[in-house]
file data_36.cif (mmCIF, C-alpha atoms and all ligand atoms)
data_work
#
loop_
_atom_site.label_atom_id
_atom_site.label_comp_id
_atom_site.auth_asym_id
_atom_site.auth_seq_id
_atom_site.Cartn_x
_atom_site.Cartn_y
_atom_site.Cartn_z
CA MET G 1 -100.56 8.65 -70.96
CA LYS G 2 -98.57 9.23 -74.11
CA ASP G 3 -100.13 9.84 -77.51
CA LEU G 4 -100.78 7.06 -79.97
CA GLN G 5 -97.80 7.95 -82.19
CA HIS G 6 -95.55 7.01 -79.32
CA TYR G 7 -96.91 3.44 -79.16
CA MET G 8 -96.91 2.99 -82.93
CA ARG G 9 -93.31 4.04 -83.60
CA PRO G 10 -90.86 1.45 -84.98
CA GLY G 11 -89.21 -1.06 -82.64
CA THR G 12 -87.37 -4.38 -82.67
CA LEU G 13 -90.42 -6.66 -82.27
CA GLN G 14 -92.65 -7.76 -85.15
CA LEU G 15 -96.17 -8.68 -84.09
CA GLY G 16 -98.04 -9.93 -87.15
CA ALA G 17 -101.46 -9.71 -85.48
CA LEU G 18 -102.74 -8.34 -82.19
CA PRO G 19 -104.01 -10.90 -79.62
CA PRO G 20 -107.57 -11.02 -78.23
CA LEU G 21 -108.39 -8.15 -75.89
CA SER G 22 -109.99 -8.45 -72.43
CA LEU G 23 -111.03 -5.80 -69.93
CA TYR G 24 -110.29 -6.01 -66.20
CA VAL G 25 -112.12 -3.66 -63.81
CA HIS G 26 -110.91 -3.42 -60.21
CA LEU G 27 -113.35 -2.51 -57.41
CA PRO G 28 -111.13 -2.15 -54.33
CA TRP G 29 -113.37 -2.44 -51.25
CA CYS G 30 -114.22 -5.29 -48.88
CA LEU G 31 -116.35 -5.64 -45.74
CA ARG G 32 -113.23 -6.71 -43.84
CA LYS G 33 -109.63 -7.28 -44.84
CA CYS G 34 -108.78 -11.00 -44.72
CA PRO G 35 -105.50 -11.64 -42.86
CA TYR G 36 -103.92 -13.60 -45.76
CA CYS G 37 -104.88 -11.20 -48.56
CA ASP G 38 -102.41 -9.00 -50.44
CA PHE G 39 -104.83 -7.83 -53.12
CA ASN G 40 -105.51 -4.11 -53.40
CA SER G 41 -108.52 -4.23 -51.09
CA HIS G 42 -109.62 -1.81 -48.39
CA GLU G 43 -112.15 -2.13 -45.57
CA MET G 44 -115.35 -0.15 -46.06
CA LYS G 45 -118.93 -0.37 -44.83
CA PRO G 46 -121.41 -0.76 -47.73
CA GLY G 47 -123.13 2.59 -46.99
CA GLU G 48 -119.79 4.40 -47.10
CA LEU G 49 -118.72 3.33 -50.59
CA PRO G 50 -118.19 6.32 -52.89
CA GLU G 51 -119.92 4.30 -55.60
CA GLN G 52 -120.89 7.05 -58.04
CA GLN G 53 -117.56 8.90 -57.72
CA TYR G 54 -115.69 5.66 -58.34
CA LEU G 55 -117.84 4.82 -61.37
CA ASP G 56 -117.18 8.33 -62.71
CA ALA G 57 -113.45 7.74 -62.28
CA LEU G 58 -113.69 4.41 -64.12
CA VAL G 59 -115.40 6.09 -67.08
CA ALA G 60 -112.73 8.80 -67.17
CA ASP G 61 -110.02 6.12 -67.00
CA LEU G 62 -111.65 4.11 -69.80
CA GLU G 63 -112.03 7.17 -72.02
CA GLN G 64 -108.36 8.08 -71.63
CA SER G 65 -107.45 4.50 -72.61
CA LEU G 66 -109.63 4.21 -75.71
CA PRO G 67 -107.01 5.40 -78.23
CA LEU G 68 -104.77 2.49 -77.17
CA VAL G 69 -107.37 -0.15 -78.08
CA TRP G 70 -109.11 1.65 -80.91
CA GLY G 71 -111.27 -0.59 -83.12
CA ARG G 72 -110.54 -3.78 -81.16
CA GLY G 73 -113.38 -6.03 -79.91
CA VAL G 74 -113.46 -7.11 -76.26
CA HIS G 75 -113.96 -10.83 -75.72
CA SER G 76 -114.20 -10.93 -71.92
CA ILE G 77 -114.68 -8.63 -68.93
CA PHE G 78 -113.67 -9.48 -65.38
CA ILE G 79 -114.94 -7.32 -62.52
CA GLY G 80 -112.64 -8.25 -59.66
CA GLY G 81 -111.54 -6.94 -56.31
CA GLY G 82 -111.82 -6.47 -53.56
CA THR G 83 -115.42 -7.48 -53.33
CA PRO G 84 -117.30 -6.24 -56.40
CA SER G 85 -120.56 -7.69 -55.05
CA LEU G 86 -120.48 -4.86 -52.46
CA PHE G 87 -121.45 -2.53 -55.30
CA SER G 88 -125.17 -2.15 -55.88
CA PRO G 89 -126.70 -3.94 -58.87
CA ALA G 90 -127.64 -0.49 -60.21
CA GLY G 91 -123.96 0.49 -59.98
CA ILE G 92 -122.87 -2.63 -61.90
CA ASP G 93 -125.61 -1.94 -64.45
CA ARG G 94 -124.28 1.59 -64.92
CA LEU G 95 -120.70 0.30 -65.20
CA LEU G 96 -121.58 -2.23 -67.91
CA GLY G 97 -123.67 0.38 -69.75
CA ASP G 98 -120.74 2.82 -69.64
CA ILE G 99 -118.42 0.13 -71.00
CA ARG G 100 -120.82 -0.96 -73.78
CA ALA G 101 -121.20 2.65 -74.89
CA ARG G 102 -117.43 2.93 -75.41
CA LEU G 103 -116.13 -0.49 -76.39
CA LYS G 104 -117.27 -3.05 -78.93
CA LEU G 105 -118.09 -6.24 -76.97
CA GLU G 106 -117.97 -9.53 -78.90
CA ALA G 107 -121.38 -11.20 -79.17
CA ASP G 108 -120.44 -13.98 -76.75
CA CYS G 109 -118.48 -11.75 -74.37
CA GLU G 110 -117.96 -13.47 -70.99
CA ILE G 111 -118.67 -11.07 -68.10
CA THR G 112 -117.50 -12.31 -64.68
CA LEU G 113 -118.16 -10.64 -61.33
CA GLU G 114 -116.46 -11.70 -58.09
CA ALA G 115 -118.81 -12.17 -55.18
CA ASN G 116 -118.29 -12.79 -51.49
CA PRO G 117 -120.96 -15.01 -49.83
CA GLY G 118 -121.08 -12.41 -47.02
CA THR G 119 -122.84 -10.08 -49.49
CA PHE G 120 -125.32 -12.72 -50.62
CA GLU G 121 -128.97 -11.83 -51.14
CA LYS G 122 -131.06 -13.69 -53.68
CA ASP G 123 -132.50 -10.61 -55.42
CA ARG G 124 -129.13 -8.92 -55.49
CA PHE G 125 -127.46 -11.80 -57.34
CA ARG G 126 -130.38 -11.97 -59.81
CA ALA G 127 -130.03 -8.25 -60.43
CA PHE G 128 -126.32 -8.68 -61.27
CA ARG G 129 -127.43 -11.23 -63.88
CA ALA G 130 -130.01 -8.80 -65.24
CA ALA G 131 -127.29 -6.13 -65.54
CA GLY G 132 -125.45 -8.45 -67.95
CA VAL G 133 -123.05 -10.44 -65.74
CA THR G 134 -122.84 -13.94 -67.27
CA ARG G 135 -120.53 -15.64 -64.78
CA LEU G 136 -120.34 -15.30 -61.01
CA SER G 137 -117.13 -16.19 -59.17
CA VAL G 138 -117.93 -17.03 -55.56
CA GLY G 139 -115.12 -16.69 -52.97
CA VAL G 140 -115.98 -19.63 -50.70
CA GLN G 141 -112.46 -20.62 -49.47
CA SER G 142 -113.81 -23.41 -47.20
CA PHE G 143 -117.08 -24.96 -46.02
CA ASN G 144 -115.70 -25.57 -42.53
CA ASP G 145 -116.88 -22.90 -40.06
CA ALA G 146 -113.77 -23.22 -37.87
CA HIS G 147 -111.46 -22.75 -40.87
CA LEU G 148 -113.52 -19.87 -42.23
CA LYS G 149 -113.05 -18.19 -38.88
CA ALA G 150 -109.33 -18.98 -38.82
CA VAL G 151 -108.83 -17.22 -42.17
CA GLY G 152 -110.96 -14.25 -41.09
CA ARG G 153 -113.86 -14.68 -43.51
CA VAL G 154 -117.06 -12.70 -42.93
CA HIS G 155 -119.33 -15.57 -44.02
CA ASP G 156 -120.13 -19.06 -42.76
CA ARG G 157 -120.75 -22.45 -44.39
CA ALA G 158 -124.49 -21.93 -44.76
CA GLN G 159 -124.05 -18.58 -46.57
CA ALA G 160 -121.42 -20.12 -48.85
CA ILE G 161 -123.77 -22.94 -49.85
CA ALA G 162 -126.69 -20.54 -50.38
CA ALA G 163 -124.53 -18.24 -52.54
CA CYS G 164 -123.38 -21.15 -54.75
CA GLU G 165 -126.90 -22.52 -55.13
CA GLU G 166 -128.09 -19.12 -56.27
CA ALA G 167 -125.11 -18.75 -58.62
CA GLN G 168 -126.05 -22.12 -60.13
CA ALA G 169 -129.69 -21.10 -60.55
CA ALA G 170 -129.24 -17.55 -61.82
CA PHE G 171 -126.10 -17.53 -64.01
CA ASP G 172 -125.02 -19.20 -67.27
CA THR G 173 -121.98 -20.54 -65.47
CA PHE G 174 -120.13 -19.96 -62.19
CA ASN G 175 -116.85 -20.47 -60.41
CA LEU G 176 -116.23 -21.52 -56.84
CA ASP G 177 -112.94 -20.42 -55.19
CA LEU G 178 -111.47 -22.69 -52.51
CA MET G 179 -108.17 -22.53 -50.65
CA TYR G 180 -106.35 -25.51 -49.14
CA ALA G 181 -103.58 -26.10 -46.58
CA LEU G 182 -105.52 -23.85 -44.19
CA PRO G 183 -104.43 -23.38 -40.55
CA GLY G 184 -104.83 -26.75 -38.76
CA GLN G 185 -106.52 -28.40 -41.77
CA THR G 186 -106.23 -32.20 -42.06
CA LEU G 187 -106.40 -34.22 -45.26
CA ALA G 188 -109.85 -35.51 -44.22
CA GLN G 189 -111.11 -31.96 -43.66
CA LEU G 190 -109.77 -30.87 -47.05
CA GLU G 191 -111.54 -33.82 -48.62
CA ALA G 192 -114.79 -32.83 -46.90
CA ASP G 193 -114.45 -29.33 -48.45
CA VAL G 194 -113.89 -30.80 -51.91
CA THR G 195 -116.83 -33.20 -51.48
CA GLN G 196 -119.11 -30.32 -50.51
CA ALA G 197 -117.82 -28.17 -53.38
CA LEU G 198 -118.42 -30.94 -55.94
CA ALA G 199 -121.91 -31.58 -54.54
CA LEU G 200 -122.80 -28.03 -55.64
CA MET G 201 -121.89 -29.01 -59.23
CA PRO G 202 -119.78 -25.95 -60.07
CA PRO G 203 -118.87 -25.82 -63.77
CA HIS G 204 -115.53 -24.27 -62.71
CA LEU G 205 -113.40 -24.60 -59.58
CA SER G 206 -110.33 -22.57 -58.61
CA ILE G 207 -108.34 -24.15 -55.79
CA TYR G 208 -105.40 -22.21 -54.38
CA HIS G 209 -102.71 -23.24 -51.93
CA LEU G 210 -102.93 -20.71 -49.07
CA THR G 211 -99.73 -18.71 -49.22
CA LEU G 212 -98.30 -16.31 -46.65
CA GLU G 213 -97.87 -13.12 -48.62
CA PRO G 214 -95.49 -10.37 -47.44
CA ASN G 215 -97.14 -7.36 -45.78
CA THR G 216 -100.22 -9.26 -44.63
CA TYR G 217 -101.38 -9.91 -41.07
CA PHE G 218 -100.52 -13.60 -41.51
CA ALA G 219 -96.97 -12.74 -42.57
CA LYS G 220 -96.54 -10.89 -39.27
CA PHE G 221 -98.38 -13.45 -37.13
CA PRO G 222 -98.08 -16.72 -39.05
CA PRO G 223 -100.62 -19.41 -38.16
CA ALA G 224 -99.56 -23.09 -37.93
CA LEU G 225 -100.02 -24.49 -41.43
CA PRO G 226 -99.88 -28.05 -42.82
CA SER G 227 -96.37 -29.17 -43.89
CA ASP G 228 -95.29 -29.17 -47.56
CA ASP G 229 -95.74 -32.96 -47.69
CA GLU G 230 -99.26 -32.67 -46.32
CA ALA G 231 -100.04 -29.89 -48.82
CA PHE G 232 -98.76 -32.09 -51.70
CA ALA G 233 -100.98 -34.95 -50.51
CA MET G 234 -103.92 -32.52 -50.46
CA LEU G 235 -103.23 -31.39 -54.02
CA ASP G 236 -103.07 -35.05 -55.16
CA ARG G 237 -106.44 -35.69 -53.52
CA ILE G 238 -107.92 -32.55 -55.14
CA THR G 239 -106.72 -33.64 -58.59
CA GLU G 240 -108.08 -37.17 -58.07
CA ARG G 241 -111.49 -36.06 -56.80
CA THR G 242 -112.05 -33.34 -59.40
CA GLY G 243 -110.90 -35.69 -62.19
CA ALA G 244 -113.33 -38.36 -61.02
CA ALA G 245 -116.10 -35.72 -61.08
CA GLY G 246 -115.37 -34.92 -64.75
CA MET G 247 -113.46 -31.70 -64.20
CA ALA G 248 -110.19 -31.26 -66.07
CA ARG G 249 -107.25 -29.49 -64.43
CA TYR G 250 -106.55 -27.19 -67.37
CA GLU G 251 -104.33 -24.79 -65.43
CA VAL G 252 -102.26 -25.12 -62.24
CA SER G 253 -105.15 -23.96 -59.99
CA ALA G 254 -108.17 -24.21 -62.32
CA TYR G 255 -110.53 -27.12 -62.97
CA ALA G 256 -113.46 -27.03 -65.39
CA ARG G 257 -116.16 -29.08 -67.01
CA ARG G 258 -116.13 -29.14 -70.80
CA GLY G 259 -117.11 -25.75 -72.22
CA HIS G 260 -116.71 -23.91 -68.91
CA ARG G 261 -113.09 -22.78 -68.89
CA CYS G 262 -112.68 -19.15 -67.90
CA ARG G 263 -112.11 -17.27 -71.16
CA HIS G 264 -110.79 -14.23 -69.36
CA ASN G 265 -108.10 -16.07 -67.39
CA GLN G 266 -107.21 -18.20 -70.41
CA ASN G 267 -106.49 -15.02 -72.29
CA TYR G 268 -104.01 -14.00 -69.54
CA TRP G 269 -102.34 -17.40 -69.66
CA GLN G 270 -102.14 -17.32 -73.45
CA PHE G 271 -100.41 -13.94 -73.17
CA GLY G 272 -103.36 -12.11 -74.63
CA ASP G 273 -103.98 -8.39 -74.08
CA TYR G 274 -105.96 -6.78 -71.30
CA LEU G 275 -106.81 -3.24 -70.47
CA GLY G 276 -106.94 -2.88 -66.67
CA ILE G 277 -108.97 0.00 -65.24
CA GLY G 278 -109.58 0.85 -61.58
CA ALA G 279 -107.37 1.35 -58.53
CA GLY G 280 -104.10 -0.59 -58.80
CA ALA G 281 -105.25 -2.41 -61.95
CA HIS G 282 -102.57 -3.89 -64.19
CA GLY G 283 -102.81 -3.92 -67.97
CA LYS G 284 -100.84 -5.38 -70.86
CA LEU G 285 -101.30 -4.06 -74.38
CA SER G 286 -99.60 -5.01 -77.63
CA PHE G 287 -98.75 -2.84 -80.61
CA ALA G 288 -97.07 -3.78 -83.91
CA HIS G 289 -93.57 -3.31 -82.46
CA ARG G 290 -93.90 -3.39 -78.66
CA VAL G 291 -95.68 -4.81 -75.61
CA VAL G 292 -96.56 -2.27 -72.91
CA ARG G 293 -97.47 -2.81 -69.25
CA GLN G 294 -99.44 -0.28 -67.21
CA VAL G 295 -100.34 0.05 -63.52
CA ARG G 296 -103.02 2.47 -62.21
CA PHE G 297 -102.69 4.43 -58.95
CA ARG G 298 -103.22 1.96 -56.11
CA ASP G 299 -104.82 4.04 -53.38
CA PRO G 300 -108.56 4.41 -54.18
CA LYS G 301 -108.74 8.11 -53.32
CA LEU G 302 -105.54 8.94 -55.22
CA TYR G 303 -106.80 6.87 -58.14
CA MET G 304 -110.14 8.69 -58.24
CA ASP G 305 -108.50 12.12 -58.08
CA ASN G 306 -105.96 11.26 -60.78
CA ALA G 307 -108.38 9.46 -63.08
CA ARG G 308 -110.78 12.38 -63.00
CA ALA G 309 -107.87 14.72 -63.74
CA GLY G 310 -107.08 12.65 -66.84
CA ASN G 311 -104.12 10.70 -65.49
CA ALA G 312 -105.07 7.29 -64.02
CA VAL G 313 -101.83 5.55 -65.01
CA ALA G 314 -99.13 5.61 -62.31
CA GLN G 315 -96.56 3.53 -64.17
CA GLU G 316 -96.05 2.46 -67.72
CA GLU G 317 -93.21 0.52 -69.28
CA GLU G 318 -92.34 -1.31 -72.41
CA VAL G 319 -91.48 -4.98 -71.79
CA ALA G 320 -87.82 -5.39 -72.75
CA ARG G 321 -87.21 -7.78 -75.64
CA ALA G 322 -84.97 -9.92 -73.39
CA ASP G 323 -87.72 -10.29 -70.75
CA LEU G 324 -90.46 -11.43 -73.13
CA PRO G 325 -89.64 -15.18 -73.18
CA PHE G 326 -89.82 -15.45 -69.37
CA GLU G 327 -92.97 -13.31 -69.17
CA TYR G 328 -94.59 -15.51 -71.79
CA MET G 329 -93.60 -18.70 -69.93
CA LEU G 330 -94.84 -17.39 -66.57
CA ASN G 331 -98.27 -17.58 -68.18
CA ALA G 332 -98.27 -20.21 -70.92
CA LEU G 333 -96.57 -22.96 -68.90
CA ARG G 334 -99.39 -22.77 -66.33
CA LEU G 335 -101.65 -24.30 -68.97
CA ARG G 336 -101.91 -28.09 -69.09
CA GLU G 337 -102.08 -27.90 -72.88
CA GLY G 338 -98.99 -25.74 -73.23
CA PHE G 339 -98.46 -23.67 -76.38
CA SER G 340 -97.25 -23.86 -79.97
CA LEU G 341 -94.13 -22.09 -81.18
CA ARG G 342 -96.41 -20.22 -83.57
CA ASP G 343 -98.42 -18.89 -80.57
CA PHE G 344 -95.15 -17.86 -78.92
CA SER G 345 -94.01 -15.87 -81.96
CA GLU G 346 -97.41 -14.35 -82.57
CA ARG G 347 -97.71 -13.07 -78.99
CA THR G 348 -94.15 -11.95 -78.34
CA GLY G 349 -93.09 -10.85 -81.83
CA LEU G 350 -89.91 -12.92 -81.36
CA PRO G 351 -88.68 -15.77 -83.57
CA PRO G 352 -88.86 -19.32 -82.07
CA SER G 353 -85.05 -19.37 -82.03
CA ALA G 354 -85.22 -16.90 -79.09
CA ILE G 355 -86.16 -19.84 -76.83
CA GLY G 356 -84.40 -22.69 -78.69
CA ARG G 357 -81.68 -23.35 -76.14
CA ALA G 358 -83.93 -23.03 -73.07
CA LEU G 359 -86.44 -25.43 -74.64
CA GLU G 360 -83.75 -28.01 -75.32
CA GLU G 361 -82.63 -27.81 -71.72
CA ALA G 362 -86.20 -28.12 -70.42
CA GLN G 363 -86.73 -31.14 -72.62
CA ALA G 364 -83.46 -32.76 -71.52
CA LYS G 365 -84.54 -32.32 -67.89
CA GLY G 366 -87.89 -33.98 -68.58
CA LEU G 367 -89.84 -30.79 -67.79
CA VAL G 368 -91.51 -30.35 -71.21
CA GLU G 369 -92.56 -32.57 -74.09
CA ARG G 370 -92.55 -31.52 -77.74
CA ARG G 371 -94.64 -32.85 -80.60
CA MET G 372 -96.07 -31.71 -83.91
CA GLY G 373 -99.57 -30.30 -83.42
CA PRO G 374 -102.06 -28.64 -85.78
CA ALA G 375 -100.27 -25.30 -85.29
CA GLY G 376 -96.78 -26.77 -85.79
CA ASP G 377 -94.26 -27.47 -83.06
CA HIS G 378 -96.13 -27.81 -79.75
CA VAL G 379 -94.65 -27.57 -76.23
CA GLN G 380 -96.36 -28.99 -73.17
CA PRO G 381 -95.23 -29.17 -69.54
CA THR G 382 -94.82 -32.79 -68.32
CA GLU G 383 -96.24 -33.91 -64.93
CA ARG G 384 -92.79 -33.23 -63.53
CA GLY G 385 -92.69 -29.80 -65.20
CA PHE G 386 -96.05 -28.97 -63.64
CA ASP G 387 -94.81 -30.04 -60.19
CA PHE G 388 -91.61 -27.98 -60.52
CA LEU G 389 -93.11 -25.11 -62.45
CA SER G 390 -90.90 -22.32 -61.14
CA ASP G 391 -87.74 -24.31 -61.96
CA LEU G 392 -89.09 -24.83 -65.47
CA GLN G 393 -90.06 -21.16 -65.92
CA SER G 394 -86.71 -19.93 -64.64
CA LEU G 395 -84.94 -21.63 -67.58
CA PHE G 396 -86.37 -18.82 -69.71
CA LEU G 397 -84.94 -15.96 -67.63
CA PRO G 398 -82.72 -13.58 -69.62
CA GLY G 399 -79.18 -15.03 -69.75
C1 LIG N 1 -109.82 -11.23 -55.07
S1 LIG N 1 -110.21 -12.70 -54.31
C2 LIG N 1 -111.88 -13.13 -54.77
C3 LIG N 1 -113.19 -12.53 -54.34
C4 LIG N 1 -113.49 -12.01 -52.97
N1 LIG N 1 -112.62 -10.94 -52.67
C5 LIG N 1 -113.39 -13.07 -51.92
O1 LIG N 1 -112.32 -13.24 -51.36
O2 LIG N 1 -114.41 -13.70 -51.67
C6 LIG N 1 -109.53 -13.95 -55.33
C7 LIG N 1 -109.22 -15.29 -54.70
O3 LIG N 1 -107.83 -15.41 -54.46
C8 LIG N 1 -107.60 -16.39 -53.46
N2 LIG N 1 -106.58 -15.87 -52.55
C9 LIG N 1 -106.49 -14.63 -52.04
N3 LIG N 1 -105.38 -14.51 -51.23
C10 LIG N 1 -104.77 -15.73 -51.25
C11 LIG N 1 -103.60 -16.26 -50.61
N4 LIG N 1 -102.84 -15.53 -49.79
N5 LIG N 1 -103.28 -17.56 -50.88
C12 LIG N 1 -104.05 -18.30 -51.71
N6 LIG N 1 -105.15 -17.85 -52.32
C13 LIG N 1 -105.52 -16.58 -52.10
C14 LIG N 1 -108.92 -16.64 -52.77
O4 LIG N 1 -109.39 -17.93 -53.10
C15 LIG N 1 -109.83 -15.58 -53.37
O5 LIG N 1 -111.14 -16.03 -53.52
S1 LIG N 2 -112.68 -10.60 -49.36
FE1 LIG N 2 -111.25 -11.26 -51.02
S2 LIG N 2 -110.23 -9.37 -51.75
FE2 LIG N 2 -111.30 -8.88 -49.82
S3 LIG N 2 -109.72 -9.04 -48.27
FE3 LIG N 2 -110.73 -11.05 -48.40
S4 LIG N 2 -109.61 -12.27 -49.95
FE4 LIG N 2 -108.97 -10.12 -50.13
#
call {"tool": "encode", "arguments": {"input": "data_36.cif", "output": "structure tokens", "more": "lines below"}}
Ligand SMILES: C[S@@+](CC[C@H](N)C(=O)[O-])C[C@H]1O[C@@H](n2cnc3c(N)ncnc32)[C@H](O)[C@@H]1O
Ligand code: SF4
result
Amino acid sequence: MKDLQHYMRPGTLQLGALPPLSLYVHLPWCLRKCPYCDFNSHEMKPGELPEQQYLDALVADLEQSLPLVWGRGVHSIFIGGGTPSLFSPAGIDRLLGDIRARLKLEADCEITLEANPGTFEKDRFRAFRAAGVTRLSVGVQSFNDAHLKAVGRVHDRAQAIAACEEAQAAFDTFNLDLMYALPGQTLAQLEADVTQALALMPPHLSIYHLTLEPNTYFAKFPPALPSDDEAFAMLDRITERTGAAGMARYEVSAYARRGHRCRHNQNYWQFGDYLGIGAGAHGKLSFAHRVVRQVRFRDPKLYMDNARAGNAVAQEEEVARADLPFEYMLNALRLREGFSLRDFSERTGLPPSAIGRALEEAQAKGLVERRMGPAGDHVQPTERGFDFLSDLQSLFLPG
């Protein structure tokens, strides 16, 4: 990592204020690798986790990063994976203690931990709460045992329900992850999953279209999946059912009751800053005249060795001025509420004129609407823009 002077030197961007800062912590192990998953996750039996060594590496990584976020408060933490719930509650307690000792957490800091129902034990989940986790994100995927098996999950329907009930009882708020358009899934089966999910009263739901990612088992041996038309019909049904249950679709894949939006993910979508520590973690940090992206070493062993040697960052680059509009839109246009031109300028350091032509084109194509809001000129994706999001975003690619 370079010294602070390097990040503070003059440049062509002018950021008047720095955005809110979040912290992402990646814990890269799972009980079994799911065949659709391209996250940086590695199979490991619970007893074999090098928990203390990894936590030592995370502290070393955090300490090396402190000069880049000096004096800034942290408004959310997301402990993701992998399967962070494989770590012991004592390990998570140590991790949060190590973080608190080095970073100033805002008073209402949201602290999310991802949990797999296959790691569910009542006392364990309660102990995560006692360690300071405020929000549990439960990776359910489906409540149908045949579909759970088809996507290689280690848990069944009963464990998924038990995990969500405990999340409801023990945490301030929780999220339930589902996937749809699963191998052989019918519209009626998808609806049964949504009905069961809603019956558990989650304050937040994330519902993802199962995608075949390159370099996964499913990419090599693709299962028979519902057609695009069937998947569209499923998404319509999801939007209808969640809406009727009082959950607003505030982002392409995220639905929440009032007051339960995920602050951490919202910060990503609003092009806020995040320090990412842990194997393969990505980070984005702003300075007065530049926006910098970082990636940590991906392989857990390599990451641990390098972090402890004082060099966790494998790659670092400044986002080119010409790429900032598209990078901003990849995030902000995912939000139902869109963004104001003032937000755009504040986060990118660019004048609104940098996206003038692309915005006019998007408006002419019926993909965005513009109006005057409390923060000035406001831009919002239309229904059509939301349905054809990548076409809309691509209008902002460098010319
Ligand atoms: C890192 S995982 C969450 C926690 C935990 N590892 C688990 O799976 O239970 C984040 C979420 O991304 C979603 N996901 C992962 N791979 C996906 C894929 N290929 N297509 C769609 N959604 C995917 C799943 O819903 C998953 O819960
Ligand atoms: S449990 Fe989650 S992170 Fe782990 S392999 Fe499965 S989807 Fe990926």
call {"tool": "axis_aligned_box", "arguments": {"input": "data_36.cif", "around": "region 296-309 of chain G", "padding_each_side": "3 Å", "output": "lines of an AutoDock Vina configuration file"}}
result
center_x = -106.7
center_y = 8.3
center_z = -58.5
size_x = 14.1
size_y = 18.8
size_z = 16.4
call {"tool": "residues_near_ligand", "arguments": {"input": "data_36.cif", "ligand": "ligand LIG 2 (chain N)", "cutoff": "10 Å", "atoms": "all atoms listed in the file", "output": "ChimeraX atom specification"}}
result
/G:27-43,80-84,114-118,138-141,151-155
call {"tool": "closest_residue", "arguments": {"input": "data_36.cif", "among": "G:Gly91, G:Gly246, G:Glu251, G:Gln266", "to": "His75 (chain G)", "atoms": "all atoms listed in the file"}}
result
G:Gln266
call {"tool": "atom_distance", "arguments": {"input": "data_36.cif", "atom1": "CA of Ile238 (chain G)", "atom2": "CA of Ser76 (chain G)"}}
result
28.1 Å
call {"tool": "atom_distance", "arguments": {"input": "data_36.cif", "atom1": "CA of Pro222 (chain G)", "atom2": "atom C9 of ligand LIG 1 (chain N)"}}
result
15.6 Å
call {"tool": "build_atoms", "arguments": {"input": "data_36.cif", "residues": "region 146-155 of chain G", "atoms": "N, CA, C and O atoms", "output": "CSV table (one decimal), in the coordinates of the input"}}
result
chain,number,residue,atom,x,y,z
G,146,ALA,N,-115.0,-23.5,-38.7
G,146,ALA,CA,-113.8,-23.2,-37.9
G,146,ALA,C,-112.7,-22.7,-38.8
G,146,ALA,O,-112.0,-21.7,-38.4
G,147,HIS,N,-112.5,-23.2,-40.0
G,147,HIS,CA,-111.5,-22.8,-40.9
G,147,HIS,C,-111.8,-21.4,-41.4
G,147,HIS,O,-111.0,-20.5,-41.6
G,148,LEU,N,-113.1,-21.2,-41.7
G,148,LEU,CA,-113.5,-19.9,-42.2
G,148,LEU,C,-113.2,-18.8,-41.2
G,148,LEU,O,-112.7,-17.7,-41.6
G,149,LYS,N,-113.4,-19.1,-39.9
G,149,LYS,CA,-113.0,-18.2,-38.9
G,149,LYS,C,-111.5,-18.0,-38.8
G,149,LYS,O,-111.1,-16.8,-38.7
G,150,ALA,N,-110.8,-19.1,-38.9
G,150,ALA,CA,-109.3,-19.0,-38.8
G,150,ALA,C,-108.7,-18.1,-39.9
G,150,ALA,O,-107.7,-17.5,-39.7
G,151,VAL,N,-109.4,-18.1,-41.1
G,151,VAL,CA,-108.8,-17.2,-42.2
G,151,VAL,C,-109.6,-15.9,-42.3
G,151,VAL,O,-109.5,-15.2,-43.3
G,152,GLY,N,-110.4,-15.6,-41.2
G,152,GLY,CA,-111.0,-14.2,-41.1
G,152,GLY,C,-112.1,-13.9,-42.1
G,152,GLY,O,-112.3,-12.8,-42.4
G,153,ARG,N,-112.8,-15.0,-42.5
G,153,ARG,CA,-113.9,-14.7,-43.5
G,153,ARG,C,-115.1,-14.1,-42.8
G,153,ARG,O,-115.4,-14.5,-41.7
G,154,VAL,N,-115.9,-13.3,-43.5
G,154,VAL,CA,-117.1,-12.7,-42.9
G,154,VAL,C,-118.3,-13.6,-43.1
G,154,VAL,O,-119.3,-13.3,-42.5
G,155,HIS,N,-118.2,-14.7,-43.8
G,155,HIS,CA,-119.3,-15.6,-44.0
G,155,HIS,C,-119.1,-16.9,-43.4
G,155,HIS,O,-118.0,-17.3,-43.0
